[in-house]
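Contents: one structure, followed by commentary.
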Amino acid sequence: MKDASPQTIYLSDYTPFGWQVADVHLTVKLAPKATRVVSRIHFQPNPNAPAQDFFLHGEELKLIHAAIDGTEVTPELTPQGLRCDVPSGPFLWETEVEIAPAENTALEGLYMSNGMYCTQCEAEGFRKITYYPDRPDVMATFTVRIEGDTPVKLSNGNPTDSGEGWAEWHDPWPKPAYLFALVAGDLVNHPGAFTTMSGKEVELNIWVRPGDEGKCAFGMEALKASMTWDEEVYGREYDLDIFNIVAVDDFNMGAMENKGLNIFNSSCVLASPETSTDANFERIEAIIAHEYFHNWTGNRITCRDWFQLCLKEGLTVYRDSQFTSDMRSAEVKRISDVIDLRARQFPEDQGPLSHPVRPESFQEINNFYTATVYEKGAEVIGMLKRLVGDEAYAKALDLYFERHDGDAATIEDWLRVFEDATGRDLTQFQRWYSQSGTPHLSVSEDYADGTFTLTFKQETPPTPGQPDKAPQVLPIAVGLLNPNGDEVVPTTVLEMTDAEQSFRFEGLSAKPVASILRGFSAPVVLDRETSAEEKRFLLAHDTDAFNRWEASRDLARGCLFDMVTEGAGPDTAWIDALEQVIRDGDLDPAFRALMLALPTQSELAQMLHAKGITPDPDAIHAAAETLRNAMAERWSSLLPELMAATRVTDRYSPDAKQSGKRALGNAVLSLQTRLDGGKAAQAQFDAADNMTMQLSALSCLISAGAEDAALAAFEQQWKDDRLVMDKWFALQVAATKPETAAPRAEALTKRPDFDWKNPNRFRAVMGSLAMNHAGFHAKDGSGYRLLAEWLIKLDGKNPQTAARMCSVFQTWTRYDAGRQALMKAELERIAAKPDLSRDVSEMVGRLLS
């Protein structure tokens, strides 16, 4: 129900809870519409907290009874929880409540997914299971008894006992309630085992529905690789006797790191060559690693309050990025991360949803599981490591684990560890956590008498609530190249701390070409005036893979900008320079595939907006299509040669070597389709023996308008596989022409298998509509209307998913007056919905403000 006056929570108001929890005993008696939860909790006064009322969070609970030390009490109930008079010393709190998992469509707390009981308690779902101080700084050991008729009953920690119709679990490691997990259902396990570096034997399981057993092997190997890597790189060993993963069909997130019982969206763990793409395999590997790494950076050390969310998420995203870099290609991973950051986090920083990596306030914490907290939070960790060096970083992390194991920590705790380990003052660096927005970095050059000088200026534009910004610490990685292409100064990290700062390089024999912001060493917008000739030079000679890619990206952006604003033709000089790169068989095929990708149309829209030009989505789309056609035509003789060179004849493997070849081959296929109308794509579709090749071919056929037969064949083949059908739904909207995107999305929503209550299926259609830039921004507003209608409908069932999807409107003010008016009208229509959830209300309010 809508809260007439949603409460704003402020970081500055943090107060410790007035009681400590010694231990928690839960008995969960499962029934779809009448689950009983009996809790026995030992409380004792917290000597470090001010005097306060005894208040326990609780929502949508039916209280059966409550008792203190065995004596019945009658607490004061509110929609948010209960209050009660309690003894001044330690006491035993007991309650019994009733909940209805089968009616919980929000997928938060204890709910049912196709007959399976499962939980999602982060951030504040445990309060929908029983009355409890549902905050991350209250940590306790849990003992859980599960009663019911399901064959499998799982919870956190280690199994302690079981019998007919019941099972008991005990987690010896204190944890906050958001890490509580319970799963019960008809499941089968894919077993495994791992021996830790100290010789401890750990039982591993991936639990799935019957029929999915054949899609677990890759996930199990990824888990073992993650455990090995965390031992070798961070010295972190697993600390329980068993580690369980469960695949759940209905899940709002990708996965959840509950202690010893990770719950995964099925799409993030189930994989086979026939049903999963190379990208799926890599994503599954990364997410399994991410959730496992949380065992230390999130579980053993958690966050004091939800304002510190970036402490566990930013650090763990950084760690999983390191892992993928080691497992695959570090250069390709870095470029991919920057593409994602610019596509998701930069628009967030530049719009009404902008907020610091550590927010100062919120109304609904679920709305702050954002790219700023996760991806920008990881960039901040990367900058810190770059500034202090690898050895000092390792020393600081060891101290962090030693000092804060078992703690609910803060950003201040994290930075203090680095200060103590390195002797550095990180007061200014802390601004990366408190200031919102993306810094803009400009640079000028001077060369005289063998001395080359780079002068940088930094400025961060105003953001909501933060009009003025102080200079931040920027690690700027720079290398210098001689005019013949040789590297004269290898990568050097310049530490910028002032609003304007100069750096000199002496003893040079000629004016060098500067390669600036190598490896994207800081999450900034680099404003640098360089000639197309210099960019082509860097494209040909730069030893830094990121900046080589960036030079090509800059040339493509400039070409598209001129095409949109001046009616210019494609830049054939750039196309020819790029040809030399993609012909180079010594380069990683995955890198060459990235080089072939144009800037996204949304990226072009933001570029135009930043230069004071109102972006026209139709003109941007037309320019991109014209440029791709020009690339295909100029390389008409090269494309078949490249497709032959990238053909994989070995048995399918999702490893980096094979997947890189397929990525390049499929990028080439998309260009070839522009020449042959889909002939090569149809041949690949018919012959494909893995999902990567089949889906890429189908995408090409859709873009060519030759998809009808292939779509029908694909549906017939995969209609019984829910995850593959999500791909089928998504691709039809994402790959189609702009004018058919909204009509096709609307038609798909009318199919009986469009289960809009399932987050994966909903996102497959509506998320893909938002990704089709010109289609979503159709002049008639059809894309806006369709999405708004479904967000209004979804809000009544799953506010969390609806709220997150609202973010697609965050760039609404950069378009023309007509589109702005249409989007604003839809946002106002959402805001006017009776009983609007707090989740969506906050998001729409921020967007409209």
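Naming works like this for the structure tokens: A, B, ... for the chains as they're shown, residue 1 at the start of each chain, ligands 1 onward in shown order.
For A:Asp241, the list of residues within 7 Å, based on only C-alpha atoms and with local chain neighbours fewer than 2 positions off taken out, reads Asn158, Glu201, Val202 and Glu203 of chain A.
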| said: I'd like the neighbourhood of A:Thr497 as an NGL selection string, where a residue qualifies if any of its atoms comes within 8 Å (using only C-alpha atoms), though same-chain residues fewer than 6 positions away should be ignored. | reply: :A and (471-474)
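All residues within stretch 102-206 of chain A that the backbone DSSP calculation assigns to helix (DSSP H, G or I) are Ala102, Glu103, Phe126, Arg127, Lys128, Ala177, Tyr178 and Leu179 of chain A.
Distances here use only C-alpha atoms; by that measure, the residue among A:Val97, A:Leu182, A:Leu627, A:Met227 closest to A:Phe561 is A:Leu627.
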| field | Test item, strand (DSSP E) assignment across stretch 215-325 of chain A, answer as JSON, numbers by chain | value | {"A": [242, 243, 244, 245, 246, 247, 248, 255, 256, 261, 262, 263, 264, 265, 302, 303]}
Let's have the selection written as an mmCIF file, in the first residue's frame, with N, CA, C and O atoms.
data_model
loop_
_atom_site.group_PDB
_atom_site.id
_atom_site.type_symbol
_atom_site.label_atom_id
_atom_site.label_comp_id
_atom_site.auth_asym_id
_atom_site.auth_seq_id
_atom_site.Cartn_x
_atom_site.Cartn_y
_atom_site.Cartn_z
ATOM 1 N N ILE A 242 29.841 -27.184 4.164
ATOM 2 C CA ILE A 242 29.022 -27.393 2.975
ATOM 3 C C ILE A 242 28.746 -26.054 2.321
ATOM 4 O O ILE A 242 28.636 -25.025 2.999
ATOM 5 N N PHE A 243 28.667 -26.054 1.003
ATOM 6 C CA PHE A 243 28.296 -24.851 0.250
ATOM 7 C C PHE A 243 27.241 -25.255 -0.762
ATOM 8 O O PHE A 243 27.481 -26.112 -1.618
ATOM 9 N N ASN A 244 26.070 -24.641 -0.650
ATOM 10 C CA ASN A 244 24.939 -24.968 -1.518
ATOM 11 C C ASN A 244 24.573 -23.782 -2.405
ATOM 12 O O ASN A 244 24.562 -22.633 -1.953
ATOM 13 N N ILE A 245 24.258 -24.082 -3.644
ATOM 14 C CA ILE A 245 23.670 -23.125 -4.582
ATOM 15 C C ILE A 245 22.325 -23.693 -5.017
ATOM 16 O O ILE A 245 22.205 -24.896 -5.276
ATOM 17 N N VAL A 246 21.307 -22.843 -5.103
ATOM 18 C CA VAL A 246 19.985 -23.275 -5.559
ATOM 19 C C VAL A 246 19.546 -22.401 -6.727
ATOM 20 O O VAL A 246 19.663 -21.170 -6.677
ATOM 21 N N ALA A 247 19.049 -23.008 -7.787
ATOM 22 C CA ALA A 247 18.521 -22.285 -8.942
ATOM 23 C C ALA A 247 17.023 -22.074 -8.768
ATOM 24 O O ALA A 247 16.272 -23.034 -8.582
ATOM 25 N N VAL A 248 16.592 -20.801 -8.831
ATOM 26 C CA VAL A 248 15.185 -20.435 -8.631
ATOM 27 C C VAL A 248 14.692 -19.686 -9.861
ATOM 28 O O VAL A 248 15.366 -18.776 -10.359
ATOM 29 N N ALA A 255 21.512 -13.027 -8.196
ATOM 30 C CA ALA A 255 21.802 -14.054 -7.206
ATOM 31 C C ALA A 255 21.966 -13.377 -5.859
ATOM 32 O O ALA A 255 22.011 -12.147 -5.759
ATOM 33 N N MET A 256 22.055 -14.199 -4.805
ATOM 34 C CA MET A 256 22.160 -13.670 -3.445
ATOM 35 C C MET A 256 23.139 -14.506 -2.645
ATOM 36 O O MET A 256 23.104 -15.733 -2.684
ATOM 37 N N LEU A 261 24.389 -20.730 1.573
ATOM 38 C CA LEU A 261 23.238 -21.140 0.758
ATOM 39 C C LEU A 261 22.937 -20.017 -0.235
ATOM 40 O O LEU A 261 22.068 -19.188 -0.017
ATOM 41 N N ASN A 262 23.696 -19.994 -1.299
ATOM 42 C CA ASN A 262 23.496 -18.959 -2.312
ATOM 43 C C ASN A 262 22.276 -19.288 -3.160
ATOM 44 O O ASN A 262 22.173 -20.398 -3.701
ATOM 45 N N ILE A 263 21.369 -18.331 -3.275
ATOM 46 C CA ILE A 263 20.181 -18.516 -4.110
ATOM 47 C C ILE A 263 20.389 -17.742 -5.407
ATOM 48 O O ILE A 263 20.701 -16.553 -5.387
ATOM 49 N N PHE A 264 20.212 -18.426 -6.534
ATOM 50 C CA PHE A 264 20.502 -17.864 -7.848
ATOM 51 C C PHE A 264 19.249 -17.809 -8.710
ATOM 52 O O PHE A 264 18.449 -18.746 -8.714
ATOM 53 N N ASN A 265 19.110 -16.730 -9.443
ATOM 54 C CA ASN A 265 18.206 -16.727 -10.573
ATOM 55 C C ASN A 265 18.661 -17.854 -11.512
ATOM 56 O O ASN A 265 19.844 -17.973 -11.825
ATOM 57 N N THR A 302 30.427 -7.451 7.079
ATOM 58 C CA THR A 302 29.240 -6.903 6.435
ATOM 59 C C THR A 302 29.250 -5.385 6.572
ATOM 60 O O THR A 302 30.246 -4.782 6.993
ATOM 61 N N CYS A 303 28.149 -4.730 6.196
ATOM 62 C CA CYS A 303 28.091 -3.274 6.259
ATOM 63 C C CYS A 303 27.262 -2.834 7.467
ATOM 64 O O CYS A 303 26.257 -3.472 7.807
#
Find the residues near A:His773: any atom within 7 Å, counting only C-alpha atoms, skip ones fewer than 2 places away on the same chain, and give them as an mmCIF file with all heavy atoms, in the first residue's frame.
data_model
loop_
_atom_site.group_PDB
_atom_site.id
_atom_site.type_symbol
_atom_site.label_atom_id
_atom_site.label_comp_id
_atom_site.auth_asym_id
_atom_site.auth_seq_id
_atom_site.Cartn_x
_atom_site.Cartn_y
_atom_site.Cartn_z
ATOM 1 N N GLN A 601 23.672 3.880 -29.646
ATOM 2 C CA GLN A 601 22.892 5.057 -30.030
ATOM 3 C C GLN A 601 22.578 5.929 -28.825
ATOM 4 O O GLN A 601 22.511 7.153 -28.927
ATOM 5 C CB GLN A 601 21.626 4.595 -30.752
ATOM 6 C CG GLN A 601 21.946 3.940 -32.090
ATOM 7 C CD GLN A 601 20.744 3.386 -32.809
ATOM 8 O OE1 GLN A 601 19.666 3.993 -32.789
ATOM 9 N NE2 GLN A 601 20.905 2.233 -33.446
ATOM 10 N N SER A 602 22.427 5.316 -27.661
ATOM 11 C CA SER A 602 22.228 6.103 -26.449
ATOM 12 C C SER A 602 23.478 6.920 -26.120
ATOM 13 O O SER A 602 23.396 8.064 -25.673
ATOM 14 C CB SER A 602 21.872 5.179 -25.287
ATOM 15 O OG SER A 602 21.660 5.912 -24.107
ATOM 16 N N PRO A 617 16.625 10.600 -32.041
ATOM 17 C CA PRO A 617 16.879 9.152 -32.106
ATOM 18 C C PRO A 617 16.780 8.578 -33.508
ATOM 19 O O PRO A 617 17.543 7.662 -33.864
ATOM 20 C CB PRO A 617 15.797 8.572 -31.187
ATOM 21 C CG PRO A 617 15.491 9.677 -30.229
ATOM 22 C CD PRO A 617 15.599 10.938 -31.033
ATOM 23 N N ALA A 770 13.376 -0.988 -24.122
ATOM 24 C CA ALA A 770 14.169 0.169 -23.707
ATOM 25 C C ALA A 770 15.524 0.187 -24.395
ATOM 26 O O ALA A 770 16.087 1.255 -24.652
ATOM 27 C CB ALA A 770 14.338 0.156 -22.191
ATOM 28 N N MET A 771 16.083 -1.010 -24.699
ATOM 29 C CA MET A 771 17.396 -1.094 -25.353
ATOM 30 C C MET A 771 17.325 -0.706 -26.830
ATOM 31 O O MET A 771 18.337 -0.302 -27.412
ATOM 32 C CB MET A 771 17.944 -2.517 -25.229
ATOM 33 C CG MET A 771 18.422 -2.879 -23.838
ATOM 34 S SD MET A 771 18.766 -4.653 -23.717
ATOM 35 C CE MET A 771 19.948 -4.855 -25.062
ATOM 36 N N GLY A 775 13.462 2.792 -31.238
ATOM 37 C CA GLY A 775 12.140 2.187 -31.082
ATOM 38 C C GLY A 775 11.455 2.643 -29.814
ATOM 39 O O GLY A 775 10.258 2.980 -29.823
ATOM 40 N N PHE A 776 12.171 2.655 -28.706
ATOM 41 C CA PHE A 776 11.584 3.125 -27.449
ATOM 42 C C PHE A 776 11.203 4.593 -27.550
ATOM 43 O O PHE A 776 10.171 5.017 -27.027
ATOM 44 C CB PHE A 776 12.567 2.911 -26.304
ATOM 45 C CG PHE A 776 12.070 3.395 -24.970
ATOM 46 C CD1 PHE A 776 10.935 2.843 -24.390
ATOM 47 C CD2 PHE A 776 12.733 4.401 -24.282
ATOM 48 C CE1 PHE A 776 10.466 3.284 -23.156
ATOM 49 C CE2 PHE A 776 12.278 4.845 -23.055
ATOM 50 C CZ PHE A 776 11.138 4.291 -22.482
ATOM 51 N N HIS A 777 12.044 5.371 -28.246
ATOM 52 C CA HIS A 777 11.789 6.811 -28.363
ATOM 53 C C HIS A 777 11.012 7.150 -29.637
ATOM 54 O O HIS A 777 11.203 8.232 -30.215
ATOM 55 C CB HIS A 777 13.108 7.578 -28.329
ATOM 56 C CG HIS A 777 13.792 7.532 -26.999
ATOM 57 N ND1 HIS A 777 13.321 8.210 -25.896
ATOM 58 C CD2 HIS A 777 14.913 6.872 -26.588
ATOM 59 C CE1 HIS A 777 14.124 7.988 -24.870
ATOM 60 N NE2 HIS A 777 15.087 7.177 -25.249
#
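Between atom CA of A:Ser768 and atom CA of A:Gln810 lies a distance of 16.2 Å.
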| If you count only C-alpha atoms, which residues fall within 8 Å of stretch 389-395 of chain A, apart from same-chain ones fewer than 5 positions away, as a ChimeraX atom specification? | /A:234,418,421-422
Counting only C-alpha atoms, which residues of stretch 498-539 of chain A sit at most 9 Å from some atom of stretch 363-379 of chain A, and what is each one's closest atom pair with its distance in Å to one decimal, listed by chain and rising residue number, as CSV?
residue,atom,partner,partner_atom,distance
A:Ser521,CA,A:Glu379,CA,8.6
A:Ala522,CA,A:Glu379,CA,7.2
A:Pro523,CA,A:Glu379,CA,6.7
Same residues, N, CA and C atoms, saved as a PDB file, in the first residue's frame:
ATOM      1  N   SER A 521      42.014   4.595 -16.244  1.00  0.00           N
ATOM      2  CA  SER A 521      42.527   4.580 -14.872  1.00  0.00           C
ATOM      3  C   SER A 521      41.671   5.345 -13.881  1.00  0.00           C
ATOM      4  N   ALA A 522      40.710   6.138 -14.356  1.00  0.00           N
ATOM      5  CA  ALA A 522      39.771   6.833 -13.464  1.00  0.00           C
ATOM      6  C   ALA A 522      38.446   6.988 -14.202  1.00  0.00           C
ATOM      7  N   PRO A 523      37.305   6.865 -13.515  1.00  0.00           N
ATOM      8  CA  PRO A 523      35.992   6.957 -14.176  1.00  0.00           C
ATOM      9  C   PRO A 523      35.608   8.409 -14.448  1.00  0.00           C
TER      10      PRO A 523
END
